[in-house]
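Asks: I am attaching a structure below and will ask some questions about it afterwards.
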Amino acid sequence: MSAREHMRMKGDGAMGSNGSKALLEREPRFDDMAVSLLAMPRLPKAMVKETKQAIELARRFNDAVVRPYALELDRKKHEDPDFLPWEFVEEANRWGLYTLFMPTLFGGQGVNFPALSYFLEELGSACTGMSNLVGVHYLGVATLCASWNIRLMNKIMRDTGEGEKTGKPCLISLAITEPGAGTDVEEVDLVSKAQLACQAKKVKGGYVVNGRKIFISNGHLSFWHMLVCYEDLKNPQDTVVMLAIKNGMKGFSFGRQERKMGQKGCPASELIFEDCFVPDDLVCIDAEQGKKLKGSPKETHMQIIDYIVAASRAGVGAFGVGVARGAYEEALRFARETEVDGKPLINHEWAQCMLAEMYKNVAVGRLTYEEANYANDLHGMFKVMEWKPIFYYLKYMPKPIMDKVIQPFLNLGVVTWLFRKIYFDWQKDTDYQCASGWGSLAKFAATDIGVKNGQLALEMMGRAGLRHDRGAEKHLRDSKLLQIYEGTNQLNRLNLFKCLIGRDVPGARVFEE
Amino acid sequence: MKTTQDAELRMLDQMAADFAAKELVEAREDHDRYPFLPLFEDVLIKAHEVGFFTLLLPEEAGGVEQGMTALSLILDDICRSDASLGGVIFTTTLAHEMILEAKGGALLPPLASGDHSYQEALIACPSFDNPGETGNLLRAEGKGKKFKLSGSIEYVVLAGLCSRALLPAKVEGDEGYSLFLVDITNPGVNVSEPVFSLGLHACPACDLELSAVEGALVGQQGEGNACFTAAADKMFLAAAAMATGVMKGSFTEAFEYSQQRRQGGWEIINWSEVRMLLASLAIKCKVADMLLSDACRAAETDEAGWSLGARAAAIHIQELACDATTDGIQLLGGNGYMKDYGQEKRFRDAKQIQSLLGLTPIKRLDYIWRIREGENPW
């Protein structure tokens with residue numbers, strides 16, 4: 001029997017249909033191996049055109065805004081660590097970058113979310129700090145979305161749209177890290193052992209928050225802050241609370257900006273809460289709302305974290321690819337301009353191999369964040385918006401109808417109920433495992449590549465690469481943070497193990513040494 | 001490094017460690033903010049007083065007449081805390097060594113502290129270059145010992161701190177370059193603002209533009225490369241010592257942090273992946289230390305093939321330091337990336353140190369070329 005005949009047998013063969021299924025579910029599972037292959041037929045074709053347009057826009061923005069200002073901003077922050085790049089944020093706001101990837105349903109421009117990764121790669125290739133000034137806003141958006149509180153999503157995202165019209169940027173940040181807990185708050189299995197101090201106590205009509213959050217990217221520049229904290233610090237895994245905090249609320253203030261090695265344009269802020277009252281209508285999700293869901297409080301907590309990081313880690317992977325590309329492009333420019341031992345460097349075989357290695361790193365890194373995005377398209381945060389009927393409905397629905405007719409329905413509890421049903425109650429284990437596993441893989445693979453290319457570029461350029469005015473050293477400094485935030489690369493390796501390896505190994509336990 | 005056999009070395013080792021602890025640790029962050037904060041001149045004055053800038057010079061030049069082991073020990077100790085001072089010591093020692101290799105000792109007046117300021121003891125030079133490599137050379141016109149130098153040269157280290165620089169320039173028609181000692185306070189020399197760089201912020205470099213400035217030929221015309229190569233043989237060990245010190249500093253801070261920082265309910269050292277990273281860092285430090293000790297011993301005893309060994313040790317240790325300091329940050333998580341700790345500076349400094357004495361890939365190619373030319377690698 002020929003191989004093709006064997007293939008045609010499918011379920012009719014000796015093993016039966018269950019046997020075929022078992023073969024495809026054997027690790028590595030077909031669904032995890034061929035994520036892009038499975039996703040592509042299901043995705044709207046218009047995503048290709050949108051992505052092209054997003055890349056084109058990013059390149060125009062790089063030429064006009066990012067490249068002329070990148071080194072100046074970096075140097076300015078060295079000189080004055082408290083400087084805030086409002087000028088850049090206002091310019092990005094004028095270009096519409098803060099609503100570009102928000103759904104039209106919520107007043108955004110509706111470019112598909114996976115295109116954001118390509119956009120961030122482009123910006124990151126010129127300046128990772130500025131790429132963060134745009135990208136981290138969407139981390140705030142993703143956090144808000146992970147609560148599936150449609151009323152608040154509509155309210156807060158429309159504020160960003162309004163800020164675009166008025167010229168007053170309205171960015172959204174995520175506040176989760178605390179002085180005593182970084183890695184721990186990214187993983188529900190660890191959070192119960194974390195040294196937490198930021199607490200939201202339930203009071204009549206809302207919550208009162210006390211504590212501090214640190215390392216909050218874009219904190220000082222954002223208007224809304226998605227605060228993840230806990231009602232009971234001794235039982236945080238079951239009492240997570242996500243609150244929407246806005247500037248000017250009584251008891252909320254900004255502390256210092258961290259003195260970072262790189263990505264200096266993007267502030268890492270301290271957020272201080274002192275008896276800060278947050279009314280019930282700004283509660284994105286809490287244990288009370290979670291009671292209506294199928295999963296336990298801990299499971300819901302993990303679902304929220306996984307939805308956020310599965311998407312955001314693909315974005316960090318895109319930063320990694322961007323910075324790797326920036327380093328490669330500086331090295332290439334140097335090789336074209338420089339003679340070594342009387343011969344153009346670009347014509348030395350070793351230099352050609354080094355450049356090819358760097359190019360390969362960029363390409364491989366890009367494949368990982370693309371695959372992670374496909375996993376999110378199929379199983380993660382994007383699955384509803386990129387379902388063809390919804391995608392085209394939102395894309396071609398006239399804006400006035402969207403704003404005037406459809407929008408009021410978003411404030412009905414039933415819409416939130418429906419979205420939470422889809423995203424929480426109907427989520428399968430294999431869904432989060434695939435999306436979260438690929439998110440982690442993209443994050444640590446692409447960011448390791450970012451650092452590697454930074455190192456290689458400086459090796460090739462020697463003394464020239466050390467100079468701030470050549471830009472290469474900045475890429476190296478910028479790249480290192482990517483291995484740390486959004487979960488250290490060690491945590492991401494463990495998450496990959498948990499999601500894609502350990503699940504199939506009886507007796508395997510993670511975070512239980 | 002192994003110092004147990006030699007009381008004088010032990011004393012130097014202790015002195016350098018004490019100096020680093022007293023003068024460098026506390027103000028590290030401020031020192032690193034040069035040129036946006038003032039240069040650590042008080043440290044440079046004290047370093048000169050204890051003889052750090054004249055370590056290898058003969059006594060008649062006001063030097064301490066120590067060997068490579070002593071220099072390496074001191075750089076190792078200093079660079080654990082702040083490699084910028086190591087960069088100052090390295091650069092001026094390289095300039096001194098090139099002058100001595102060129103038999104130009106007469107150009108070095110007695111430089112001992114007490115008689116002279118630290119600025120007089122320092123000599124600037126492009127210590128990140130192998131001068132012939134990328135054409136970062138001036139033009140020279142003239143004959144005999146007096147020449148006029150013109151053109152521009154990038155990244156002359158210490159040029160903003162002292163009055164003299166040892167600069168490579170090519171006389172038209174010569175195949176190789178020559179070395180010239182130049183008074184860079186001469187009005188014909190335009191010294192740029194300090195070039196803001198990745199690391200070693202308090203060991204600044206400037207770009208120079210010269211317009212028919214008098215320069216004293218050092219050594220033979222066209223033989224600059226021979227002087228550089230001979231001096232570099234020794235200075236590779238110094239560069240390796242700097243990288244070793246940075247790496248050890250990184251390990252020490254990570255090890256201490258790992259026993260204090262709690263995560264997942266206990267100190268992070270209790271997680272085996274953290275211990276794995278720490279072990280990897282510690283092993284790199286130990287390997288570097290052993291390599292450096294042996295390479296210094298071989299150099300001091302003039303063992304056959306020592307210079308090839310020095311280069312191999314330096315290239316390897318410098319690479320180890322770049323990897324180790326990357327993990328050094330990682331072990332501190334977000335804190336490692338912040339200037340409140342020393343790890344991010346060590347990461348930058350390690351990479352900067354890797355570029356001392358020229359392009360790393362060319363150093364590797366030169367290594368194999370020497371073997372092909374008949375040098376015995378073993």
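In the structure tokens, chains take letters A, B, ... by order of appearance, with residues numbered from 1 within each chain and ligands from 1 in the order shown.
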When DSSP works through the backbone of this structure, what residues of segment 77-306 of chain B end up as helix (DSSP H, G or I), shown as a PyMOL selection string?
Replies: chain B and resi 77-81+83-101+105-107+118-121+224-258+268-270+272-300+306
Asks: Residues within 10 Å of Ile269 of chain B, please, as a ChimeraX atom specification. Count only C-alpha atoms; anything in the same chain fewer than 2 positions from it doesn't count.
Replies: /B:254-263,266-267,271-278,331
Asks: Rank nothing, just name the residue among B:Glu8, B:Glu193, B:Glu175, B:Asp340 nearest to chain A, using only C-alpha atoms.
Replies: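 Smallest distance to chain A is found for B:Asp340.
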Asks: Report as a PyMOL selection string all protein, DNA and RNA residues lying within 9 Å of Ile123 of chain B, evaluated on only C-alpha atoms, omitting residues in the same chain fewer than 5 positions from it.
Replies: chain B and resi 91-96+157-159+161-166+181
Asks: Return as a Markdown table the residues of chain B lying at most 7 Å from chain A, together with the closest atom-to-atom pair for each and the distance in Å to one decimal, counting only C-alpha atoms, with rows in chain order and ascending residue number.
Replies:
| residue | atom | partner | partner_atom | distance |
| --- | --- | --- | --- | --- |
| B:Phe36 | CA | A:Glu79 | CA | 5.7 |
| B:Phe128 | CA | A:Arg463 | CA | 5.7 |
| B:Asp129 | CA | A:Arg463 | CA | 7.0 |
| B:Glu133 | CA | A:Asp341 | CA | 5.2 |
| B:Thr134 | CA | A:Val340 | CA | 4.8 |
| B:Val195 | CA | A:Arg467 | CA | 6.7 |
| B:Phe196 | CA | A:His468 | CA | 5.6 |
| B:Ser197 | CA | A:Arg467 | CA | 4.5 |
| B:Leu198 | CA | A:Leu466 | CA | 5.3 |
| B:Gln263 | CA | A:Ala194 | CA | 6.2 |
| B:Gly264 | CA | A:Lys193 | CA | 5.0 |
| B:Gly265 | CA | A:Lys193 | CA | 4.5 |
| B:Trp271 | CA | A:Glu513 | CA | 7.0 |
| B:Gln330 | CA | A:Ile484 | CA | 6.8 |
| B:Gly333 | CA | A:Ile484 | CA | 5.9 |
| B:Gly334 | CA | A:Ile484 | CA | 6.2 |
| B:Tyr337 | CA | A:Met261 | CA | 5.9 |
| B:Met338 | CA | A:Lys260 | CA | 4.6 |
| B:Lys339 | CA | A:Arg259 | CA | 5.5 |
| B:Glu344 | CA | A:Met261 | CA | 6.3 |
| B:Gln352 | CA | A:Leu466 | CA | 6.7 |
| B:Ser355 | CA | A:Gly462 | CA | 5.2 |
| B:Gly358 | CA | A:Gly462 | CA | 6.5 |
| B:Leu359 | CA | A:Gly462 | CA | 4.9 |
| B:Thr360 | CA | A:Glu459 | CA | 5.8 |
| B:Pro361 | CA | A:Met460 | CA | 6.9 |
Asks: For C-alpha atoms, I'd like the residues from the last selection saved as a tab-separated table (two decimals), in the first residue's frame.
Replies:
chain	number	residue	atom	x	y	z
B	36	PHE	CA	26.42	64.69	33.24
B	128	PHE	CA	40.08	50.55	21.84
B	129	ASP	CA	41.93	50.40	18.53
B	133	GLU	CA	42.95	47.88	11.54
B	134	THR	CA	40.22	50.32	10.56
B	195	VAL	CA	32.09	60.82	23.57
B	196	PHE	CA	29.14	59.42	25.46
B	197	SER	CA	29.54	55.65	25.36
B	198	LEU	CA	28.15	52.32	26.49
B	263	GLN	CA	10.15	34.69	45.72
B	264	GLY	CA	7.69	31.83	45.76
B	265	GLY	CA	7.87	31.69	49.54
B	271	TRP	CA	15.15	27.60	43.34
B	330	GLN	CA	18.99	38.34	35.22
B	333	GLY	CA	15.40	40.54	37.86
B	334	GLY	CA	14.07	44.06	37.40
B	337	TYR	CA	18.39	46.52	35.29
B	338	MET	CA	18.27	49.56	37.57
B	339	LYS	CA	21.08	51.85	38.51
B	344	GLU	CA	23.69	46.96	34.81
B	352	GLN	CA	33.12	47.88	26.51
B	355	SER	CA	36.50	46.01	22.53
B	358	GLY	CA	40.63	46.30	18.51
B	359	LEU	CA	37.86	44.38	16.85
B	360	THR	CA	37.17	41.04	18.53
B	361	PRO	CA	36.77	38.99	15.33
Asks: Excluding Gly63 of chain B and residues on its chain fewer than 3 positions from it, collect all residues at most 12 Å away from it, counting only C-alpha atoms, and give them as a JSON list (two decimals) with N, CA and C atoms, in the first residue's frame.
Replies:
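And here is the file that came out, part12.json:
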[["chain", "number", "residue", "atom", "x", "y", "z"],
["B", 48, "HIS", "N", 46.52, 58.06, 41.74],
["B", 48, "HIS", "CA", 47.87, 58.46, 41.35],
["B", 48, "HIS", "C", 48.80, 58.43, 42.56],
["B", 49, "GLU", "N", 48.28, 58.86, 43.70],
["B", 49, "GLU", "CA", 49.10, 58.88, 44.92],
["B", 49, "GLU", "C", 49.59, 57.49, 45.30],
["B", 50, "VAL", "N", 48.76, 56.49, 45.08],
["B", 50, "VAL", "CA", 49.19, 55.12, 45.44],
["B", 50, "VAL", "C", 49.92, 54.43, 44.28],
["B", 51, "GLY", "N", 50.13, 55.14, 43.19],
["B", 51, "GLY", "CA", 50.96, 54.61, 42.12],
["B", 51, "GLY", "C", 50.26, 53.76, 41.08],
["B", 52, "PHE", "N", 48.92, 53.83, 41.00],
["B", 52, "PHE", "CA", 48.19, 52.98, 40.04],
["B", 52, "PHE", "C", 48.50, 53.33, 38.58],
["B", 53, "PHE", "N", 48.90, 54.55, 38.32],
["B", 53, "PHE", "CA", 49.10, 54.96, 36.92],
["B", 53, "PHE", "C", 50.52, 54.72, 36.42],
["B", 54, "THR", "N", 51.39, 54.32, 37.32],
["B", 54, "THR", "CA", 52.79, 54.13, 36.91],
["B", 54, "THR", "C", 53.29, 52.75, 37.31],
["B", 55, "LEU", "N", 52.37, 51.80, 37.34],
["B", 55, "LEU", "CA", 52.69, 50.49, 37.90],
["B", 55, "LEU", "C", 53.83, 49.76, 37.19],
["B", 56, "LEU", "N", 53.81, 49.80, 35.87],
["B", 56, "LEU", "CA", 54.81, 49.03, 35.13],
["B", 56, "LEU", "C", 56.05, 49.85, 34.79],
["B", 57, "LEU", "N", 56.00, 51.15, 35.02],
["B", 57, "LEU", "CA", 57.12, 52.00, 34.62],
["B", 57, "LEU", "C", 58.35, 51.71, 35.47],
["B", 58, "PRO", "N", 59.52, 51.83, 34.86],
["B", 58, "PRO", "CA", 60.75, 51.66, 35.66],
["B", 58, "PRO", "C", 60.89, 52.78, 36.69],
["B", 59, "GLU", "N", 61.71, 52.52, 37.68],
["B", 59, "GLU", "CA", 61.88, 53.51, 38.76],
["B", 59, "GLU", "C", 62.37, 54.84, 38.26],
["B", 60, "GLU", "N", 63.25, 54.82, 37.26],
["B", 60, "GLU", "CA", 63.80, 56.09, 36.78],
["B", 60, "GLU", "C", 62.73, 56.98, 36.14],
["B", 66, "GLN", "N", 56.43, 47.21, 38.67],
["B", 66, "GLN", "CA", 55.79, 45.93, 38.97],
["B", 66, "GLN", "C", 55.60, 45.14, 37.67],
["B", 67, "GLY", "N", 55.20, 43.89, 37.83],
["B", 67, "GLY", "CA", 54.99, 43.04, 36.65],
["B", 67, "GLY", "C", 53.52, 42.91, 36.32],
["B", 93, "THR", "N", 48.62, 52.87, 30.97],
["B", 93, "THR", "CA", 49.66, 51.83, 30.98],
["B", 93, "THR", "C", 49.97, 51.36, 29.56],
["B", 96, "HIS", "N", 52.18, 54.00, 28.07],
["B", 96, "HIS", "CA", 53.54, 53.85, 28.63],
["B", 96, "HIS", "C", 54.27, 52.67, 27.99],
["B", 97, "GLU", "N", 53.58, 51.57, 27.89],
["B", 97, "GLU", "CA", 54.21, 50.35, 27.35],
["B", 97, "GLU", "C", 54.61, 50.52, 25.89],
["B", 105, "GLY", "N", 61.71, 55.77, 26.33],
["B", 105, "GLY", "CA", 61.60, 56.06, 27.76],
["B", 105, "GLY", "C", 62.00, 57.48, 28.12],
["B", 108, "LEU", "N", 59.44, 60.00, 28.71],
["B", 108, "LEU", "CA", 58.64, 59.93, 29.93],
["B", 108, "LEU", "C", 59.40, 60.57, 31.07],
["B", 109, "PRO", "N", 59.01, 61.76, 31.47],
["B", 109, "PRO", "CA", 59.67, 62.36, 32.63],
["B", 109, "PRO", "C", 59.27, 61.59, 33.87],
["B", 110, "PRO", "N", 60.01, 61.74, 34.97],
["B", 110, "PRO", "CA", 59.58, 61.05, 36.20],
["B", 110, "PRO", "C", 58.15, 61.45, 36.54],
["B", 111, "LEU", "N", 57.32, 60.46, 36.77],
["B", 111, "LEU", "CA", 55.88, 60.75, 36.90],
["B", 111, "LEU", "C", 55.33, 60.44, 38.28],
["B", 112, "ALA", "N", 56.25, 60.14, 39.22],
["B", 112, "ALA", "CA", 55.75, 59.71, 40.52],
["B", 112, "ALA", "C", 54.90, 60.78, 41.17],
["B", 113, "SER", "N", 53.97, 60.33, 41.97],
["B", 113, "SER", "CA", 53.12, 61.30, 42.65],
["B", 113, "SER", "C", 53.97, 62.10, 43.64],
["B", 121, "ALA", "N", 50.71, 62.42, 34.82],
["B", 121, "ALA", "CA", 51.06, 60.99, 34.74],
["B", 121, "ALA", "C", 50.30, 60.29, 33.62]]
Asks: Rounded to one decimal place, report the atom CA of Asp76 of chain B-atom CA of Ala231 of chain B distance in Å.
Replies: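 For atom CA of Asp76 of chain B relative to atom CA of Ala231 of chain B, the distance reads 19.3 Å.
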Asks: What does the distance from atom CA of Glu337 of chain A to atom CA of Ala232 of chain B come to in Å, to one decimal?
Replies: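 Computing it gives 26.8 Å between the two atoms.
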Asks: For each of A:Ser2, A:Asn112, A:Asn132, A:Asn376, take the minimum atom-to-atom distance to Gln53 of chain A, counting only C-alpha atoms, then give the residue where this is smallest.
Replies: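 Of A:Ser2, A:Asn112, A:Asn132, A:Asn376, the one nearest Gln53 of chain A, counting only C-alpha atoms, is A:Asn112.
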Asks: Name the residues in contact with Asp280 of chain A at a cut-off of 6 Å, using only C-alpha atoms, excluding same-chain residues fewer than 2 positions from it; report them as a PyMOL selection string.
Replies: chain A and resi 205-206+282-283
Asks: Which is closer to Leu105 of chain A than all the others in A:Ala3, A:Val362, A:Met153, A:Leu120, using only C-alpha atoms?
Replies: A:Met153
Asks: Can you work out which one of A:Gly437, A:Lys292, A:Asn373, A:Leu412 has the shortest atom-to-atom distance to Asp425 of chain A, counting only C-alpha atoms?
Replies: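 The closest residue to Asp425 of chain A is A:Lys292.
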Asks: Pick out the residues sitting within 10 Å of Lys298 of chain A, and hand them over as an MDAnalysis selection string; count only C-alpha atoms, and ignore anything fewer than 4 positions along from it in its own chain.
Replies: chainID A and resid 188:189 235:240 287 290 302:304
Asks: Where does DSSP see strand (DSSP E) in segment 78-270 of chain B, if you list the residues as a ChimeraX atom specification?
Replies: /B:138-143,146-157,164-171,178-183,189-191,205-218,262-263,266-267
Asks: Store the residues of this selection in a file with N, CA and C atoms, as a short mmCIF file (atom, residue, chain, number, x, y, z; two decimals), in the first residue's frame.
Replies:
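Output file again_11.cif is given in full below:
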data_model
loop_
_atom_site.label_atom_id
_atom_site.label_comp_id
_atom_site.auth_asym_id
_atom_site.auth_seq_id
_atom_site.Cartn_x
_atom_site.Cartn_y
_atom_site.Cartn_z
N LEU B 138 46.03 59.43 11.86
CA LEU B 138 46.29 60.80 11.40
C LEU B 138 47.28 60.75 10.25
N ARG B 139 47.48 61.93 9.63
CA ARG B 139 48.54 62.06 8.61
C ARG B 139 49.72 62.78 9.24
N ALA B 140 50.93 62.37 8.88
CA ALA B 140 52.12 63.03 9.42
C ALA B 140 53.02 63.49 8.28
N GLU B 141 53.57 64.67 8.45
CA GLU B 141 54.53 65.19 7.45
C GLU B 141 55.77 65.64 8.20
N GLY B 142 56.93 65.37 7.64
CA GLY B 142 58.16 65.82 8.26
C GLY B 142 59.24 64.78 8.15
N LYS B 143 60.33 65.03 8.88
CA LYS B 143 61.39 64.02 8.90
C LYS B 143 62.17 64.13 10.19
N LYS B 146 60.90 65.29 14.22
CA LYS B 146 59.85 66.30 14.30
C LYS B 146 58.89 66.15 13.12
N PHE B 147 57.66 66.05 13.46
CA PHE B 147 56.64 65.89 12.41
C PHE B 147 55.46 66.81 12.72
N LYS B 148 54.71 67.12 11.66
CA LYS B 148 53.46 67.85 11.84
C LYS B 148 52.31 66.88 11.56
N LEU B 149 51.37 66.84 12.47
CA LEU B 149 50.26 65.90 12.35
C LEU B 149 48.96 66.63 12.01
N SER B 150 48.20 66.03 11.11
CA SER B 150 46.91 66.61 10.71
C SER B 150 45.87 65.50 10.55
N GLY B 151 44.63 65.94 10.51
CA GLY B 151 43.53 64.99 10.28
C GLY B 151 42.71 64.77 11.55
N SER B 152 41.84 63.80 11.46
CA SER B 152 41.00 63.52 12.63
C SER B 152 41.20 62.08 13.08
N ILE B 153 41.06 61.90 14.36
CA ILE B 153 41.17 60.56 14.94
C ILE B 153 40.09 60.41 16.00
N GLU B 154 39.42 59.27 15.95
CA GLU B 154 38.27 59.06 16.85
C GLU B 154 38.70 58.35 18.13
N TYR B 155 37.94 58.64 19.15
CA TYR B 155 37.93 57.86 20.38
C TYR B 155 39.30 57.71 21.03
N VAL B 156 39.90 58.88 21.31
CA VAL B 156 41.18 58.88 22.00
C VAL B 156 40.87 58.93 23.50
N VAL B 157 41.16 57.83 24.17
CA VAL B 157 40.73 57.68 25.56
C VAL B 157 41.62 58.54 26.47
N ARG B 164 48.87 65.12 27.22
CA ARG B 164 49.64 64.41 26.18
C ARG B 164 48.88 63.20 25.67
N ALA B 165 49.08 62.93 24.38
CA ALA B 165 48.46 61.75 23.78
C ALA B 165 49.47 61.05 22.89
N LEU B 166 49.42 59.74 22.92
CA LEU B 166 50.25 58.95 22.00
C LEU B 166 49.34 58.55 20.84
N LEU B 167 49.65 59.11 19.65
CA LEU B 167 48.71 58.97 18.54
C LEU B 167 49.37 58.30 17.33
N PRO B 168 48.62 57.44 16.65
CA PRO B 168 49.16 56.81 15.45
C PRO B 168 48.92 57.71 14.22
N ALA B 169 49.90 57.80 13.38
CA ALA B 169 49.76 58.60 12.16
C ALA B 169 50.59 57.96 11.06
N LYS B 170 50.19 58.21 9.85
CA LYS B 170 50.89 57.59 8.72
C LYS B 170 51.62 58.67 7.93
N VAL B 171 52.88 58.43 7.69
CA VAL B 171 53.65 59.33 6.84
C VAL B 171 53.44 58.86 5.40
N SER B 178 53.20 55.23 12.25
CA SER B 178 54.18 55.56 13.28
C SER B 178 53.44 56.08 14.50
N LEU B 179 54.15 56.13 15.61
CA LEU B 179 53.54 56.66 16.84
C LEU B 179 54.17 58.01 17.18
N PHE B 180 53.33 58.93 17.63
CA PHE B 180 53.81 60.28 17.95
C PHE B 180 53.25 60.70 19.31
N LEU B 181 54.11 61.34 20.08
CA LEU B 181 53.65 61.93 21.33
C LEU B 181 53.28 63.38 21.06
N VAL B 182 52.06 63.72 21.39
CA VAL B 182 51.53 65.02 20.98
C VAL B 182 51.01 65.78 22.20
N ASP B 183 51.34 67.08 22.23
CA ASP B 183 50.76 67.95 23.26
C ASP B 183 49.36 68.36 22.78
N VAL B 189 44.94 71.65 18.12
CA VAL B 189 44.20 70.41 18.40
C VAL B 189 42.80 70.77 18.89
N ASN B 190 41.82 70.26 18.20
CA ASN B 190 40.44 70.44 18.66
C ASN B 190 40.00 69.15 19.35
N VAL B 191 39.75 69.27 20.65
CA VAL B 191 39.33 68.11 21.44
C VAL B 191 37.81 68.19 21.61
N ALA B 205 36.48 59.17 26.45
CA ALA B 205 37.26 59.32 25.22
C ALA B 205 36.77 60.58 24.50
N CYS B 206 37.63 61.15 23.69
CA CYS B 206 37.25 62.31 22.87
C CYS B 206 37.73 62.07 21.44
N ASP B 207 37.05 62.71 20.51
CA ASP B 207 37.54 62.73 19.13
C ASP B 207 38.47 63.94 18.99
N LEU B 208 39.53 63.76 18.21
CA LEU B 208 40.49 64.87 18.03
C LEU B 208 40.56 65.27 16.56
N GLU B 209 40.73 66.56 16.37
CA GLU B 209 41.07 67.06 15.02
C GLU B 209 42.36 67.85 15.14
N LEU B 210 43.33 67.49 14.33
CA LEU B 210 44.63 68.15 14.41
C LEU B 210 44.90 68.89 13.12
N SER B 211 45.48 70.07 13.30
CA SER B 211 45.83 70.85 12.12
C SER B 211 47.30 71.26 12.22
N ALA B 212 48.16 70.52 11.53
CA ALA B 212 49.61 70.76 11.51
C ALA B 212 50.16 70.95 12.92
N VAL B 213 49.90 69.96 13.75
CA VAL B 213 50.36 70.02 15.15
C VAL B 213 51.65 69.23 15.28
N GLU B 214 52.58 69.80 16.02
CA GLU B 214 53.88 69.14 16.17
C GLU B 214 53.74 67.86 16.98
N GLY B 215 54.39 66.81 16.50
CA GLY B 215 54.38 65.55 17.24
C GLY B 215 55.78 64.96 17.28
N ALA B 216 56.14 64.40 18.43
CA ALA B 216 57.48 63.79 18.56
C ALA B 216 57.39 62.32 18.19
N LEU B 217 58.18 61.93 17.21
CA LEU B 217 58.16 60.53 16.78
C LEU B 217 58.61 59.63 17.92
N VAL B 218 57.88 58.58 18.16
CA VAL B 218 58.22 57.62 19.21
C VAL B 218 58.66 56.33 18.50
N ARG B 262 13.27 37.25 48.30
CA ARG B 262 12.36 36.12 48.42
C ARG B 262 11.40 36.08 47.24
N GLN B 263 11.11 34.88 46.80
CA GLN B 263 10.15 34.69 45.72
C GLN B 263 9.61 33.27 45.84
N TRP B 266 10.28 31.61 49.48
CA TRP B 266 11.60 31.47 50.11
C TRP B 266 12.64 32.26 49.33
N GLU B 267 13.88 32.30 49.87
CA GLU B 267 14.94 33.04 49.21
C GLU B 267 15.18 32.41 47.83
#
